[in-house]
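Structure file upload.pdb (PDB, C-alpha atoms) is printed below.
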ATOM      1  CA  MET A   1       0.000   0.000   0.000
ATOM      2  CA  THR A   2       2.823   2.405   0.923
ATOM      3  CA  ARG A   3       4.607   1.645  -2.334
ATOM      4  CA  ARG A   4       1.430   2.267  -4.287
ATOM      5  CA  LEU A   5       0.891   5.621  -2.576
ATOM      6  CA  ALA A   6       4.464   6.661  -3.299
ATOM      7  CA  GLU A   7       4.352   5.679  -6.977
ATOM      8  CA  VAL A   8       1.027   7.366  -7.623
ATOM      9  CA  ALA A   9       2.077  10.505  -5.718
ATOM     10  CA  LYS A  10       5.277  10.724  -7.759
ATOM     11  CA  LYS A  11       3.379  10.184 -11.009
ATOM     12  CA  VAL A  12       0.876  12.969 -10.281
ATOM     13  CA  GLY A  13       3.223  15.305  -8.410
ATOM     14  CA  VAL A  14       1.201  15.461  -5.187
ATOM     15  CA  SER A  15       1.695  14.254  -1.634
ATOM     16  CA  GLU A  16       0.994  10.714  -0.484
ATOM     17  CA  ALA A  17      -1.600  12.179   1.872
ATOM     18  CA  THR A  18      -3.493  13.627  -1.091
ATOM     19  CA  VAL A  19      -3.412  10.260  -2.855
ATOM     20  CA  SER A  20      -4.711   8.614   0.315
ATOM     21  CA  ARG A  21      -7.628  11.063   0.514
ATOM     22  CA  VAL A  22      -8.578  10.257  -3.069
ATOM     23  CA  LEU A  23      -8.350   6.494  -2.536
ATOM     24  CA  ASN A  24     -10.504   6.743   0.557
ATOM     25  CA  ASN A  25     -12.981   9.034  -1.234
ATOM     26  CA  LYS A  26     -12.535  11.849   1.289
ATOM     27  CA  PRO A  27     -13.133  15.568   0.660
ATOM     28  CA  GLY A  28     -10.482  18.261   0.442
ATOM     29  CA  VAL A  29      -9.143  17.385  -3.027
ATOM     30  CA  SER A  30      -9.900  19.271  -6.225
ATOM     31  CA  GLU A  31     -11.691  17.391  -9.003
ATOM     32  CA  ALA A  32      -8.714  17.853 -11.335
ATOM     33  CA  THR A  33      -6.327  16.320  -8.804
ATOM     34  CA  ARG A  34      -8.782  13.541  -8.051
ATOM     35  CA  GLN A  35      -9.040  12.612 -11.729
ATOM     36  CA  ALA A  36      -5.263  12.789 -12.123
ATOM     37  CA  VAL A  37      -4.775  10.355  -9.241
ATOM     38  CA  LEU A  38      -7.352   7.927 -10.620
ATOM     39  CA  SER A  39      -5.759   8.093 -14.073
ATOM     40  CA  ALA A  40      -2.331   7.446 -12.545
ATOM     41  CA  LEU A  41      -3.724   4.352 -10.821
ATOM     42  CA  ASP A  42      -4.964   3.080 -14.169
ATOM     43  CA  VAL A  43      -1.731   3.843 -16.013
ATOM     44  CA  LEU A  44       0.409   2.184 -13.318
ATOM     45  CA  GLY A  45      -1.783  -0.914 -13.383
ATOM     46  CA  TYR A  46      -3.221  -0.661  -9.866
ATOM     47  CA  GLU A  47      -6.828  -1.615  -9.182
ATOM     48  CA  ARG A  48      -9.089   1.165  -8.031
ATOM     49  CA  PRO A  49     -10.637   0.893  -4.574
ATOM     50  CA  THR A  50     -13.996  -0.881  -4.659
ATOM     51  CA  GLN A  51     -15.989   2.300  -4.074
ATOM     52  CA  LEU A  52     -14.336   3.968  -7.072
ATOM     53  CA  ARG A  53     -14.545   1.161  -9.600
ATOM     54  CA  GLY A  54     -17.848   2.335 -10.954
ATOM     55  CA  GLU A  55     -16.179   5.444 -12.366
ATOM     56  CA  ARG A  56     -14.377   5.236 -15.642
ATOM     57  CA  ALA A  57     -10.892   6.569 -16.129
ATOM     58  CA  ARG A  58     -10.014   9.410 -18.452
ATOM     59  CA  LEU A  59      -8.298   6.813 -20.600
ATOM     60  CA  VAL A  60      -9.319   5.904 -24.148
ATOM     61  CA  GLY A  61      -8.147   2.783 -25.898
ATOM     62  CA  LEU A  62      -6.807   3.285 -29.435
ATOM     63  CA  VAL A  63      -6.623  -0.158 -31.028
ATOM     64  CA  LEU A  64      -4.639  -0.547 -34.262
ATOM     65  CA  PRO A  65      -3.800  -3.698 -36.235
ATOM     66  CA  GLU A  66      -0.181  -2.669 -36.920
ATOM     67  CA  LEU A  67       2.237   0.228 -37.234
ATOM     68  CA  GLN A  68       4.160  -0.885 -40.328
ATOM     69  CA  ASN A  69       1.555   0.593 -42.653
ATOM     70  CA  PRO A  70       2.112   4.364 -42.280
ATOM     71  CA  ILE A  71      -1.622   5.076 -42.395
ATOM     72  CA  PHE A  72      -2.095   3.735 -38.858
ATOM     73  CA  PRO A  73       0.549   5.906 -37.129
ATOM     74  CA  ALA A  74      -1.012   8.829 -39.016
ATOM     75  CA  PHE A  75      -4.444   8.034 -37.580
ATOM     76  CA  ALA A  76      -2.900   7.526 -34.131
ATOM     77  CA  GLU A  77      -1.287  10.963 -34.240
ATOM     78  CA  VAL A  78      -4.506  12.754 -35.206
ATOM     79  CA  ILE A  79      -6.754  10.829 -32.819
ATOM     80  CA  GLY A  80      -4.265  11.000 -29.948
ATOM     81  CA  GLY A  81      -3.892  14.750 -30.334
ATOM     82  CA  ALA A  82      -7.643  15.310 -30.454
ATOM     83  CA  LEU A  83      -8.149  13.182 -27.341
ATOM     84  CA  ALA A  84      -5.444  15.075 -25.446
ATOM     85  CA  GLN A  85      -7.162  18.386 -26.197
ATOM     86  CA  LEU A  86     -10.229  17.014 -24.419
ATOM     87  CA  GLY A  87      -8.244  15.880 -21.387
ATOM     88  CA  LEU A  88      -8.413  12.235 -22.412
ATOM     89  CA  THR A  89      -5.332  10.010 -22.461
ATOM     90  CA  PRO A  90      -4.944   7.585 -25.373
ATOM     91  CA  VAL A  91      -3.747   4.078 -24.608
ATOM     92  CA  LEU A  92      -2.179   2.707 -27.793
ATOM     93  CA  CYS A  93      -2.869  -0.986 -28.370
ATOM     94  CA  THR A  94      -1.058  -2.434 -31.368
ATOM     95  CA  GLN A  95      -1.413  -6.044 -32.377
ATOM     96  CA  THR A  96       1.601  -8.143 -33.314
ATOM     97  CA  LYS A  97       1.776 -11.535 -34.945
ATOM     98  CA  GLY A  98       1.658 -14.151 -32.211
ATOM     99  CA  GLY A  99       1.254 -11.432 -29.593
ATOM    100  CA  VAL A 100      -1.654  -9.791 -27.810
ATOM    101  CA  SER A 101      -4.882 -10.123 -29.784
ATOM    102  CA  GLU A 102      -7.558  -7.488 -30.268
ATOM    103  CA  ALA A 103      -9.830  -9.399 -27.880
ATOM    104  CA  ASP A 104      -7.039  -9.512 -25.273
ATOM    105  CA  TYR A 105      -6.609  -5.752 -25.543
ATOM    106  CA  VAL A 106     -10.328  -5.249 -25.003
ATOM    107  CA  THR A 107     -10.122  -7.299 -21.807
ATOM    108  CA  LEU A 108      -7.165  -5.231 -20.589
ATOM    109  CA  LEU A 109      -8.912  -1.963 -21.424
ATOM    110  CA  LEU A 110     -12.045  -3.024 -19.542
ATOM    111  CA  GLN A 111      -9.900  -3.815 -16.524
ATOM    112  CA  GLN A 112      -8.548  -0.275 -16.684
ATOM    113  CA  GLN A 113     -12.068   1.197 -16.638
ATOM    114  CA  VAL A 114     -11.489   3.112 -19.877
ATOM    115  CA  SER A 115     -13.902   5.827 -20.916
ATOM    116  CA  GLY A 116     -14.114   4.522 -24.466
ATOM    117  CA  VAL A 117     -12.341   2.796 -27.356
ATOM    118  CA  VAL A 118     -11.510   3.836 -30.918
ATOM    119  CA  PHE A 119     -10.730   1.021 -33.355
ATOM    120  CA  ALA A 120      -8.970   1.631 -36.675
ATOM    121  CA  GLY A 121      -8.556  -1.208 -39.141
ATOM    122  CA  GLY A 122      -9.679  -3.928 -36.748
ATOM    123  CA  LEU A 123     -11.439  -7.260 -36.963
ATOM    124  CA  TYR A 124     -14.775  -5.443 -37.247
ATOM    125  CA  ALA A 125     -13.937  -5.018 -40.952
ATOM    126  CA  GLN A 126     -13.619  -8.782 -41.527
ATOM    127  CA  ALA A 127     -16.866 -10.708 -41.826
ATOM    128  CA  ASP A 128     -15.327 -14.075 -40.910
ATOM    129  CA  ALA A 129     -13.327 -12.848 -37.898
ATOM    130  CA  PRO A 130     -14.428 -13.279 -34.249
ATOM    131  CA  HIS A 131     -16.517 -10.375 -32.955
ATOM    132  CA  ASP A 132     -17.506 -11.395 -29.428
ATOM    133  CA  HIS A 133     -15.232  -8.755 -27.856
ATOM    134  CA  TYR A 134     -17.225  -6.002 -29.582
ATOM    135  CA  ARG A 135     -20.434  -7.367 -28.100
ATOM    136  CA  LEU A 136     -18.726  -7.360 -24.700
ATOM    137  CA  LEU A 137     -18.059  -3.619 -25.079
ATOM    138  CA  ALA A 138     -21.658  -3.023 -26.132
ATOM    139  CA  ASP A 139     -22.975  -4.989 -23.145
ATOM    140  CA  ARG A 140     -20.866  -2.834 -20.810
ATOM    141  CA  ASN A 141     -22.110   0.353 -22.525
ATOM    142  CA  ILE A 142     -18.559   1.410 -23.336
ATOM    143  CA  PRO A 143     -18.464   4.207 -25.932
ATOM    144  CA  VAL A 144     -16.910   2.915 -29.168
ATOM    145  CA  VAL A 145     -16.145   4.422 -32.579
ATOM    146  CA  LEU A 146     -14.955   2.448 -35.616
ATOM    147  CA  VAL A 147     -12.716   3.951 -38.294
ATOM    148  CA  ASN A 148     -13.452   2.670 -41.811
ATOM    149  CA  ALA A 149     -16.068   0.204 -42.946
ATOM    150  CA  ALA A 150     -17.365  -2.426 -40.536
ATOM    151  CA  ILE A 151     -19.590  -5.457 -40.839
ATOM    152  CA  GLU A 152     -23.279  -4.806 -40.275
ATOM    153  CA  HIS A 153     -25.167  -4.966 -37.003
ATOM    154  CA  LEU A 154     -22.331  -4.179 -34.566
ATOM    155  CA  GLY A 155     -24.277  -1.116 -33.451
ATOM    156  CA  PHE A 156     -21.390   1.363 -33.162
ATOM    157  CA  PRO A 157     -20.992   4.727 -34.904
ATOM    158  CA  GLY A 158     -18.196   4.954 -37.437
ATOM    159  CA  VAL A 159     -16.288   7.234 -39.759
ATOM    160  CA  SER A 160     -15.203   5.944 -43.162
ATOM    161  CA  CYS A 161     -13.575   7.063 -46.353
ATOM    162  CA  ASP A 162     -15.988   6.475 -49.239
ATOM    163  CA  ASP A 163     -14.605   3.350 -50.932
ATOM    164  CA  ALA A 164     -16.928   3.654 -53.915
ATOM    165  CA  VAL A 165     -15.811   7.203 -54.697
ATOM    166  CA  ALA A 166     -12.168   6.217 -54.235
ATOM    167  CA  VAL A 167     -12.417   3.440 -56.819
ATOM    168  CA  GLU A 168     -14.405   5.618 -59.197
ATOM    169  CA  GLN A 169     -11.691   8.293 -59.069
ATOM    170  CA  ALA A 170      -8.908   5.757 -59.650
ATOM    171  CA  TRP A 171     -10.780   3.920 -62.437
ATOM    172  CA  ARG A 172     -11.673   7.074 -64.348
ATOM    173  CA  HIS A 173      -8.078   8.274 -64.073
ATOM    174  CA  LEU A 174      -6.671   5.068 -65.558
ATOM    175  CA  ALA A 175      -9.376   4.929 -68.215
ATOM    176  CA  SER A 176      -8.620   8.526 -69.226
ATOM    177  CA  LEU A 177      -5.027   7.414 -69.833
ATOM    178  CA  GLY A 178      -6.220   4.748 -72.238
ATOM    179  CA  HIS A 179      -6.001   1.707 -69.973
ATOM    180  CA  GLU A 180      -8.554  -0.934 -70.943
ATOM    181  CA  ARG A 181      -7.188  -3.852 -68.938
ATOM    182  CA  ILE A 182      -7.600  -2.532 -65.399
ATOM    183  CA  GLY A 183      -7.160  -4.866 -62.447
ATOM    184  CA  LEU A 184      -7.715  -4.684 -58.686
ATOM    185  CA  VAL A 185      -5.428  -5.805 -55.875
ATOM    186  CA  LEU A 186      -7.650  -6.081 -52.789
ATOM    187  CA  GLY A 187      -7.555  -7.407 -49.245
ATOM    188  CA  PRO A 188      -9.032 -10.758 -48.133
ATOM    189  CA  GLY A 189     -12.433 -11.836 -49.407
ATOM    190  CA  ASP A 190     -14.215 -11.075 -46.119
ATOM    191  CA  HIS A 191     -12.713  -7.573 -45.839
ATOM    192  CA  VAL A 192     -15.600  -5.089 -46.002
ATOM    193  CA  PRO A 193     -13.744  -2.067 -47.476
ATOM    194  CA  SER A 194     -12.309  -4.316 -50.190
ATOM    195  CA  ALA A 195     -15.762  -5.701 -50.932
ATOM    196  CA  ARG A 196     -17.066  -2.157 -51.321
ATOM    197  CA  LYS A 197     -14.226  -1.287 -53.663
ATOM    198  CA  LEU A 198     -14.907  -4.365 -55.786
ATOM    199  CA  ALA A 199     -18.636  -3.617 -56.005
ATOM    200  CA  ALA A 200     -17.883  -0.049 -57.077
ATOM    201  CA  ALA A 201     -15.379  -1.204 -59.698
ATOM    202  CA  ARG A 202     -17.856  -3.666 -61.173
ATOM    203  CA  ALA A 203     -20.526  -0.974 -61.303
ATOM    204  CA  ILE A 204     -18.343   1.494 -63.169
ATOM    205  CA  ALA A 205     -16.661  -1.099 -65.417
ATOM    206  CA  GLY A 206     -19.763  -2.869 -66.598
ATOM    207  CA  GLY A 207     -18.440  -6.066 -68.146
ATOM    208  CA  ALA A 208     -14.869  -4.806 -68.415
ATOM    209  CA  LEU A 209     -13.731  -6.319 -65.113
ATOM    210  CA  PRO A 210     -13.456 -10.102 -65.448
ATOM    211  CA  ASP A 211     -12.865 -12.143 -62.298
ATOM    212  CA  GLU A 212      -9.324 -12.952 -63.422
ATOM    213  CA  PHE A 213      -8.479  -9.245 -63.168
ATOM    214  CA  VAL A 214      -9.158  -9.261 -59.402
ATOM    215  CA  ALA A 215      -6.538 -10.573 -56.974
ATOM    216  CA  ARG A 216      -6.603 -10.895 -53.188
ATOM    217  CA  ALA A 217      -3.674 -10.388 -50.838
ATOM    218  CA  MET A 218      -2.680  -9.658 -47.280
ATOM    219  CA  PHE A 219      -2.049  -5.954 -46.724
ATOM    220  CA  SER A 220       1.716  -5.848 -47.265
ATOM    221  CA  ILE A 221       4.273  -5.102 -49.958
ATOM    222  CA  GLU A 222       4.920  -8.822 -50.309
ATOM    223  CA  GLY A 223       1.213  -9.537 -50.688
ATOM    224  CA  GLY A 224       0.878  -6.852 -53.339
ATOM    225  CA  HIS A 225       3.885  -8.206 -55.207
ATOM    226  CA  ALA A 226       2.488 -11.748 -55.384
ATOM    227  CA  ALA A 227      -1.016 -10.648 -56.384
ATOM    228  CA  ALA A 228       0.104  -8.109 -58.983
ATOM    229  CA  ALA A 229       2.522 -10.572 -60.585
ATOM    230  CA  LYS A 230      -0.423 -12.836 -61.419
ATOM    231  CA  LEU A 231      -2.419  -9.968 -62.909
ATOM    232  CA  ILE A 232       0.520  -8.804 -65.025
ATOM    233  CA  ASP A 233       0.723 -12.306 -66.498
ATOM    234  CA  ARG A 234      -2.979 -11.973 -67.379
ATOM    235  CA  GLY A 235      -2.375  -8.770 -69.293
ATOM    236  CA  VAL A 236      -3.382  -6.084 -66.793
ATOM    237  CA  THR A 237      -1.712  -2.713 -67.470
ATOM    238  CA  GLY A 238      -3.494  -0.514 -64.910
ATOM    239  CA  PHE A 239      -3.658  -1.394 -61.207
ATOM    240  CA  ILE A 240      -6.007  -0.107 -58.504
ATOM    241  CA  CYS A 241      -4.732  -1.224 -55.111
ATOM    242  CA  ALA A 242      -6.540  -1.219 -51.751
ATOM    243  CA  SER A 243      -3.558   0.249 -49.870
ATOM    244  CA  ASP A 244      -0.271   1.996 -50.552
ATOM    245  CA  PRO A 245       1.860  -1.001 -49.447
ATOM    246  CA  LEU A 246      -0.080  -3.188 -51.909
ATOM    247  CA  ALA A 247       0.619  -0.608 -54.613
ATOM    248  CA  LEU A 248       4.339  -0.568 -53.811
ATOM    249  CA  GLY A 249       4.245  -4.352 -54.122
ATOM    250  CA  ALA A 250       2.678  -3.976 -57.571
ATOM    251  CA  VAL A 251       5.476  -1.612 -58.620
ATOM    252  CA  ARG A 252       8.010  -4.164 -57.428
ATOM    253  CA  ALA A 253       6.258  -6.971 -59.326
ATOM    254  CA  ALA A 254       6.374  -4.969 -62.557
ATOM    255  CA  ARG A 255      10.074  -4.249 -62.174
ATOM    256  CA  ARG A 256      10.899  -7.855 -61.365
ATOM    257  CA  LYS A 257       9.294  -8.749 -64.685
ATOM    258  CA  GLY A 258      11.391  -6.164 -66.507
ATOM    259  CA  LEU A 259       8.487  -3.743 -67.018
ATOM    260  CA  ASP A 260       8.681  -0.007 -66.527
ATOM    261  CA  VAL A 261       6.366   1.958 -64.237
ATOM    262  CA  PRO A 262       4.623   4.020 -65.543
ATOM    263  CA  SER A 263       5.350   3.645 -69.287
ATOM    264  CA  GLN A 264       4.241  -0.016 -69.358
ATOM    265  CA  ILE A 265       2.398  -0.520 -66.056
ATOM    266  CA  SER A 266       0.409   2.142 -64.165
ATOM    267  CA  VAL A 267      -0.314   1.791 -60.446
ATOM    268  CA  VAL A 268      -2.762   3.645 -58.171
ATOM    269  CA  GLY A 269      -2.563   3.182 -54.390
ATOM    270  CA  TYR A 270      -4.955   4.045 -51.586
ATOM    271  CA  ASP A 271      -4.394   6.123 -48.418
ATOM    272  CA  ASP A 272      -1.666   8.610 -49.453
ATOM    273  CA  SER A 273       0.311   7.553 -46.415
ATOM    274  CA  ALA A 274       3.657   9.046 -45.418
ATOM    275  CA  LEU A 275       6.490   9.205 -47.964
ATOM    276  CA  MET A 276       4.411   8.102 -50.973
ATOM    277  CA  ASN A 277       5.644  11.257 -52.718
ATOM    278  CA  CYS A 278       9.218  10.087 -52.113
ATOM    279  CA  THR A 279       9.005   6.666 -53.760
ATOM    280  CA  GLU A 280      10.414   6.020 -57.233
ATOM    281  CA  PRO A 281       8.300   6.827 -59.064
ATOM    282  CA  PRO A 282       6.186   8.918 -56.676
ATOM    283  CA  LEU A 283       2.945   7.035 -56.127
ATOM    284  CA  THR A 284      -0.365   8.109 -57.603
ATOM    285  CA  THR A 285      -2.859   7.319 -54.858
ATOM    286  CA  VAL A 286      -6.278   8.124 -53.416
ATOM    287  CA  ARG A 287      -5.922  10.174 -50.251
ATOM    288  CA  GLN A 288      -7.978   9.465 -47.156
ATOM    289  CA  PRO A 289      -8.853  12.685 -45.253
ATOM    290  CA  ILE A 290      -7.126  11.452 -42.101
ATOM    291  CA  GLU A 291      -7.326  14.742 -40.212
ATOM    292  CA  SER A 292     -11.074  15.153 -40.700
ATOM    293  CA  MET A 293     -11.844  11.494 -40.053
ATOM    294  CA  GLY A 294      -9.743  11.303 -36.896
ATOM    295  CA  LYS A 295     -11.253  14.429 -35.385
ATOM    296  CA  ALA A 296     -14.775  13.277 -36.244
ATOM    297  CA  ALA A 297     -14.110   9.928 -34.554
ATOM    298  CA  VAL A 298     -13.041  11.690 -31.361
ATOM    299  CA  GLU A 299     -16.064  14.000 -31.465
ATOM    300  CA  LEU A 300     -18.380  10.995 -31.730
ATOM    301  CA  LEU A 301     -16.600   9.265 -28.863
ATOM    302  CA  ASN A 302     -16.601  12.335 -26.634
ATOM    303  CA  ALA A 303     -20.316  12.845 -27.197
ATOM    304  CA  GLN A 304     -20.954   9.311 -26.000
ATOM    305  CA  ILE A 305     -18.684   9.763 -22.992
ATOM    306  CA  GLY A 306     -20.653  12.878 -22.115
ATOM    307  CA  GLY A 307     -23.869  10.891 -22.103
ATOM    308  CA  SER A 308     -25.302  12.024 -25.437
ATOM    309  CA  ALA A 309     -27.120   9.538 -27.606
ATOM    310  CA  VAL A 310     -25.159   8.925 -30.810
ATOM    311  CA  ALA A 311     -26.770   7.042 -33.686
ATOM    312  CA  ALA A 312     -24.966   3.956 -34.932
ATOM    313  CA  ASP A 313     -24.474   5.568 -38.326
ATOM    314  CA  GLU A 314     -21.485   5.691 -40.648
ATOM    315  CA  LEU A 315     -20.133   9.095 -41.627
ATOM    316  CA  LEU A 316     -18.651   8.931 -45.125
ATOM    317  CA  PHE A 317     -15.749  11.222 -46.023
ATOM    318  CA  GLU A 318     -14.746  12.165 -49.560
ATOM    319  CA  PRO A 319     -11.337  10.929 -50.772
ATOM    320  CA  GLU A 320      -9.061  12.815 -53.164
ATOM    321  CA  LEU A 321      -7.073  11.442 -56.097
ATOM    322  CA  VAL A 322      -3.436  12.563 -55.934
ATOM    323  CA  VAL A 323      -1.779  12.131 -59.313
ATOM    324  CA  ARG A 324       1.978  11.581 -59.253
ATOM    325  CA  GLY A 325       4.459   9.621 -61.333
ATOM    326  CA  SER A 326       3.250   5.996 -61.163
ATOM    327  CA  THR A 327       0.527   6.427 -63.804
ATOM    328  CA  ALA A 328       0.854   7.340 -67.497
ATOM    329  CA  GLN A 329      -0.672   6.711 -70.902
ATOM    330  CA  ALA A 330      -1.381   3.041 -71.568
ATOM    331  CA  PRO A 331       1.227   1.315 -73.726
ATOM    332  CA  ARG A 332       0.316   0.964 -77.383
ATOM    333  CA  CYS A 333      -0.015  -2.582 -78.596
TER     334      CYS A 333
END
Before we go any further, please render this structure as structure tokens.
Amino acid sequence: MTRRLAEVAKKVGVSEATVSRVLNNKPGVSEATRQAVLSALDVLGYERPTQLRGERARLVGLVLPELQNPIFPAFAEVIGGALAQLGLTPVLCTQTKGGVSEADYVTLLLQQQVSGVVFAGGLYAQADAPHDHYRLLADRNIPVVLVNAAIEHLGFPGVSCDDAVAVEQAWRHLASLGHERIGLVLGPGDHVPSARKLAAARAIAGGALPDEFVARAMFSIEGGHAAAAKLIDRGVTGFICASDPLALGAVRAARRKGLDVPSQISVVGYDDSALMNCTEPPLTTVRQPIESMGKAAVELLNAQIGGSAVAADELLFEPELVVRGSTAQAPRC
């Protein structure tokens, strides 16, 4: 107990006596100091006293699938900054292969009495993935916001980039350059944003998108390389990819086959994540409005934390095509 008092007091910058008053729910402590002490308990991993466990901490879980794709650190920066401005402390939870799962993080966050959770790129976007941990959050009435398309019926508000508009922009760009054999490199078959992109591509292409011009891959450069290599062998000259790493994999696949990008193969990515203007060639991509989406996600979460009723709707944000050096006129036969 003495050690706990000392650690919490040091963390907050107050006396051990002040910490003791907070833990024993006694008067004489400002609300700001009281909240700081409770947050320090949560951060240091100590359980709150029984009489205080009903109150949630000023902590918010920010659950990401990875940090290798630059889009996720970008979202973390925007969301974390917006939370801090509201006096909320983000707790970054990043999954690793063979490490802590998304469901495990949810359990840990519930133990810490978090005020809410923001998910970006999680299992909610995969139809065949386990979703029981989301229902657990709903049962506990924990405020939740999802970033980018989710499966139906989870009952949480979300903010998404409009996948249909993104594909339409990319397709029309490649078509305007004379590409007739346009292919898609997408995520797994149960991935909702990829499914939306495919539906949009089929709608705009009519019958010009045969099944053999669609390839699936894990979201990585290696996955994009393997998928794009197959499509190149099938005659595709213009690529629309579901992420920037997939697009970089497509560029690599073309080069490994001795083809030039963009004079022989054109590639469009998705996200406009960090350094895509520094690749060789600079990547043409569809930009997600990360700043607007991240701030909107925090606004939705904060409204729920404040007790306001928030509809389980999806806010769609408009993407923007950024034309750089990885696309050019289609090669003449």
Practice prompt. Can you work out the spacing between atom CA of Asp128 of chain A and atom CA of Asp104 of chain A in Å, to one decimal?
Written response: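 Atom-to-atom, atom CA of Asp128 of chain A to atom CA of Asp104 of chain A, that is 18.3 Å.
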Discussion item. If I take atom CA of Ala303 of chain A and atom CA of Pro143 of chain A, how far is one from the other in Å, to one decimal?
Written reply: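 Straight-line distance from atom CA of Ala303 of chain A to atom CA of Pro143 of chain A works out to 8.9 Å.
Here the question is which of A:Val167, A:Cys161, A:Leu283, A:Ala120 gets nearest to Leu62 of chain A using all atoms listed in the file, and that residue is A:Ala120.
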Fill in: Near-Ala166 of chain A list (12 Å; all atoms listed in the file; drop same-chain fewer than 2 positions) as a PyMOL selection string
chain A and resi 160-164+168-173+193-194+196-201+204+240-243+268-272+285-289+316-322
Item to complete: For atom CA of Val100 of chain A and atom CA of Glu314 of chain A, quote the distance in Å rounded to one decimal.
Response: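 Taking atom CA of Val100 of chain A and atom CA of Glu314 of chain A, their separation equals 28.2 Å.
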Item to complete: Name every residue that the PyMOL selection byres ((chain A and resi 261) around 9) selects in this structure, writing the answer as a PyMOL selection string with chains first and numbers rising.
Response: chain A and resi 251+254-255+259-260+262-267+281+325-328
Fill in: Selected residue of minimal separation from Leu59 of chain A among A:Ala203, A:Ala103, A:Ala32, A:Val117, counting all atoms listed in the file
A:Val117
Item to complete: Take the point (-7.6, -11.2, -61.1) as written in the file and pick out every residue within 9 Å of it, counting only C-alpha atoms; give the list as a PyMOL selection string.
Response: chain A and resi 183-185+209-216+227-228+230-231+234+236
Worksheet item: Of the candidates A:Glu102, A:Pro70, A:Ala40, A:Thr33, which one gets nearest to Pro130 of chain A if we count all atoms listed in the file?
Response: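 Comparing A:Glu102, A:Pro70, A:Ala40, A:Thr33 against Pro130 of chain A, the winner is A:Glu102.
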Item to complete: Specify as a ChimeraX atom specification each residue included when the PyMOL selection byres ((chain A and resi 9) around 12) is applied to this file.
Response: /A:2-8,10-23,33-34,36-41,44
Output for the residues just chosen: C-alpha atoms as an mmCIF file, keeping the file's coordinate frame:
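Listing of out-v9.cif after writing:
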data_model
loop_
_atom_site.group_PDB
_atom_site.id
_atom_site.type_symbol
_atom_site.label_atom_id
_atom_site.label_comp_id
_atom_site.auth_asym_id
_atom_site.auth_seq_id
_atom_site.Cartn_x
_atom_site.Cartn_y
_atom_site.Cartn_z
ATOM 1 C CA THR A 2 2.823 2.405 0.923
ATOM 2 C CA ARG A 3 4.607 1.645 -2.334
ATOM 3 C CA ARG A 4 1.430 2.267 -4.287
ATOM 4 C CA LEU A 5 0.891 5.621 -2.576
ATOM 5 C CA ALA A 6 4.464 6.661 -3.299
ATOM 6 C CA GLU A 7 4.352 5.679 -6.977
ATOM 7 C CA VAL A 8 1.027 7.366 -7.623
ATOM 8 C CA LYS A 10 5.277 10.724 -7.759
ATOM 9 C CA LYS A 11 3.379 10.184 -11.009
ATOM 10 C CA VAL A 12 0.876 12.969 -10.281
ATOM 11 C CA GLY A 13 3.223 15.305 -8.410
ATOM 12 C CA VAL A 14 1.201 15.461 -5.187
ATOM 13 C CA SER A 15 1.695 14.254 -1.634
ATOM 14 C CA GLU A 16 0.994 10.714 -0.484
ATOM 15 C CA ALA A 17 -1.600 12.179 1.872
ATOM 16 C CA THR A 18 -3.493 13.627 -1.091
ATOM 17 C CA VAL A 19 -3.412 10.260 -2.855
ATOM 18 C CA SER A 20 -4.711 8.614 0.315
ATOM 19 C CA ARG A 21 -7.628 11.063 0.514
ATOM 20 C CA VAL A 22 -8.578 10.257 -3.069
ATOM 21 C CA LEU A 23 -8.350 6.494 -2.536
ATOM 22 C CA THR A 33 -6.327 16.320 -8.804
ATOM 23 C CA ARG A 34 -8.782 13.541 -8.051
ATOM 24 C CA ALA A 36 -5.263 12.789 -12.123
ATOM 25 C CA VAL A 37 -4.775 10.355 -9.241
ATOM 26 C CA LEU A 38 -7.352 7.927 -10.620
ATOM 27 C CA SER A 39 -5.759 8.093 -14.073
ATOM 28 C CA ALA A 40 -2.331 7.446 -12.545
ATOM 29 C CA LEU A 41 -3.724 4.352 -10.821
ATOM 30 C CA LEU A 44 0.409 2.184 -13.318
#
